[in-house]
Amino acid sequence: MAILDILEFPDPILRTVAKPVQKVDDKIQRLIDNMLETMYEAQGIGLAATQVNVHRQVIVIDLSEQKDAPLVLINPSFEVLDDEAFDYQEGCLSVPGFFEEVSRPAHIKVKALGRDGKLFELVPDGLLAVCIQHEIDHLNGKLFVDHLSALKRNRIKQKIKKDRR
Ligand code: GNR
Ligand code: NI
């Protein structure tokens, strides 16, 4: 397995829209293993392929304490079940060091393929619903900072640029 480099905001590559996976083959299995290793090493609770510069619809998540319950979503889609919102202080491995409250639909129904290539459905709530929406945003070239005001987003961009100097 391998640790992959994680792209960081405001890298324009993070704006790439991922394509669906056509076949859950050995190459995708290797990508999943490498994404899981990268996510665990970075101590994240989720990772989208976009963040490691692979523009296919693959997400890994693990919310467990023991880091022994990986969830893999390939070609994910979701529908919003009601109009309740859930506010959560979000962070992102591609925007390191910044945490801001984002409001998202609280209740969703998710469809995806697992790493076995089989379609499954999930009705997550709480942090899992937040995390799945955060990761699907990545596959669409979107970041949590896009949900903030332009003022907040630009402040984060300037701070990151300043810190890199
Ligand atoms: O590790 C992560 N923590 C997190 C916290 C609140 C909301 C979303 C997340 S996902 C993030 C890992 C990441 O950047 N995934 O894309
Ligand atoms: Ni993220």
# chains A, B, ... in the order shown; residues from 1 in each chain; ligands from 1

$ closest_atom_pairs --of "region 89-142 of chain A" --to "region 63-67 of chain A" --cutoff "12 Å" --atoms "only C-alpha atoms" --output "JSON lines"
{"residue": "A:Gly126", "atom": "CA", "partner": "A:Leu63", "partner_atom": "CA", "distance": 11.2}
{"residue": "A:Leu127", "atom": "CA", "partner": "A:Leu63", "partner_atom": "CA", "distance": 8.3}
{"residue": "A:Leu128", "atom": "CA", "partner": "A:Leu63", "partner_atom": "CA", "distance": 7.4}
{"residue": "A:Ala129", "atom": "CA", "partner": "A:Leu63", "partner_atom": "CA", "distance": 11.2}
{"residue": "A:Val130", "atom": "CA", "partner": "A:Leu63", "partner_atom": "CA", "distance": 11.4}
{"residue": "A:Cys131", "atom": "CA", "partner": "A:Leu63", "partner_atom": "CA", "distance": 9.1}
{"residue": "A:Ile132", "atom": "CA", "partner": "A:Leu63", "partner_atom": "CA", "distance": 11.0}

$ residues_near_ligand --ligand "ligand 2" --cutoff "6 Å" --atoms "only C-alpha atoms and all ligand atoms" --output "number ranges by chain"
A: 92-94

$ write_last_selection --atoms "N, CA and C atoms" --output "PDB file, in the first residue's frame"
ATOM      1  N   CYS A  92     -11.304  19.894   6.962  1.00  0.00           N
ATOM      2  CA  CYS A  92     -10.999  19.166   5.733  1.00  0.00           C
ATOM      3  C   CYS A  92      -9.493  18.980   5.622  1.00  0.00           C
ATOM      4  N   LEU A  93      -9.086  17.775   5.235  1.00  0.00           N
ATOM      5  CA  LEU A  93      -7.646  17.507   5.072  1.00  0.00           C
ATOM      6  C   LEU A  93      -7.054  18.383   3.968  1.00  0.00           C
ATOM      7  N   SER A  94      -7.895  18.905   3.075  1.00  0.00           N
ATOM      8  CA  SER A  94      -7.422  19.793   2.007  1.00  0.00           C
ATOM      9  C   SER A  94      -7.462  21.272   2.404  1.00  0.00           C
TER      10      SER A  94
END

$ atom_distance --atom1 "CA of Met39 (chain A)" --atom2 "CA of Asp62 (chain A)"
8.7 Å

$ residues_around --residues "Lys157 (chain A)" --least-positions-apart "6" --cutoff "12 Å" --atoms "only C-alpha atoms" --output "list in words"
Glu8, Phe9, Pro10, Asp11, Ser94, Val95, Pro96, Gly97, Phe98, Val145, Asp146, Ala150, Leu151, Asp163 and Arg164 of chain A

$ write_last_selection --atoms "N, CA, C and O atoms" --output "short mmCIF file (atom, residue, chain, number, x, y, z; two decimals), in the first residue's frame"
data_model
loop_
_atom_site.label_atom_id
_atom_site.label_comp_id
_atom_site.auth_asym_id
_atom_site.auth_seq_id
_atom_site.Cartn_x
_atom_site.Cartn_y
_atom_site.Cartn_z
N GLU A 8 -4.14 20.55 -1.55
CA GLU A 8 -4.66 21.56 -0.60
C GLU A 8 -5.22 22.80 -1.30
O GLU A 8 -4.68 23.26 -2.32
N PHE A 9 -6.32 23.29 -0.75
CA PHE A 9 -6.94 24.55 -1.15
C PHE A 9 -5.89 25.66 -1.12
O PHE A 9 -5.11 25.68 -0.18
N PRO A 10 -5.81 26.54 -2.13
CA PRO A 10 -6.72 26.70 -3.27
C PRO A 10 -6.24 26.05 -4.57
O PRO A 10 -6.45 26.61 -5.63
N ASP A 11 -5.65 24.87 -4.49
CA ASP A 11 -5.21 24.17 -5.71
C ASP A 11 -6.40 23.97 -6.67
O ASP A 11 -7.41 23.35 -6.28
N SER A 94 -7.90 18.90 3.07
CA SER A 94 -7.42 19.79 2.01
C SER A 94 -7.46 21.27 2.40
O SER A 94 -7.06 22.12 1.61
N VAL A 95 -7.95 21.54 3.62
CA VAL A 95 -7.95 22.91 4.16
C VAL A 95 -7.44 22.83 5.60
O VAL A 95 -8.16 23.14 6.55
N PRO A 96 -6.19 22.36 5.79
CA PRO A 96 -5.73 22.00 7.13
C PRO A 96 -5.73 23.20 8.09
O PRO A 96 -5.32 24.29 7.74
N GLY A 97 -6.22 22.93 9.31
CA GLY A 97 -6.17 23.95 10.37
C GLY A 97 -7.37 24.85 10.46
O GLY A 97 -7.44 25.68 11.36
N PHE A 98 -8.34 24.70 9.55
CA PHE A 98 -9.51 25.58 9.58
C PHE A 98 -10.78 24.78 9.85
O PHE A 98 -10.98 23.71 9.26
N VAL A 145 -15.45 25.15 2.26
CA VAL A 145 -15.32 26.62 2.29
C VAL A 145 -16.26 27.30 1.28
O VAL A 145 -16.59 28.48 1.44
N ASP A 146 -16.73 26.53 0.28
CA ASP A 146 -17.69 27.09 -0.69
C ASP A 146 -19.06 27.33 -0.05
O ASP A 146 -19.90 28.03 -0.61
N ALA A 150 -18.18 34.59 1.09
CA ALA A 150 -16.97 34.90 0.32
C ALA A 150 -15.93 35.56 1.22
O ALA A 150 -14.73 35.32 1.07
N LEU A 151 -16.38 36.34 2.17
CA LEU A 151 -15.47 37.02 3.10
C LEU A 151 -14.66 36.00 3.91
O LEU A 151 -13.43 36.05 3.97
N ASP A 163 0.82 31.74 5.29
CA ASP A 163 1.55 30.68 6.01
C ASP A 163 2.53 29.95 5.11
O ASP A 163 3.51 29.38 5.60
N ARG A 164 2.25 29.93 3.79
CA ARG A 164 3.13 29.20 2.87
C ARG A 164 4.35 30.03 2.48
O ARG A 164 5.29 29.50 1.89
#

$ select_by_dssp --residues "region 94-138 of chain A" --states "strand (DSSP E)" --output "list in words"
Glu100, Glu101, Val102, Ser103, Arg104, Pro105, Ile108, Lys109, Val110, Lys111, Ala112, Leu113, Leu119, Phe120, Glu121 and Leu122 of chain A

$ residues_around --residues "Phe144 (chain A)" --least-positions-apart "4" --cutoff "12 Å" --atoms "only C-alpha atoms" --output "PyMOL selection string"
chain A and resi 9+14+88-96+98-104+130-131+133-138+140+148-149+152-153+156

$ closest_residue --among "A:Ile45, A:Leu36, A:Leu81, A:Val54" --to "Pro105 (chain A)" --atoms "only C-alpha atoms"
A:Leu81
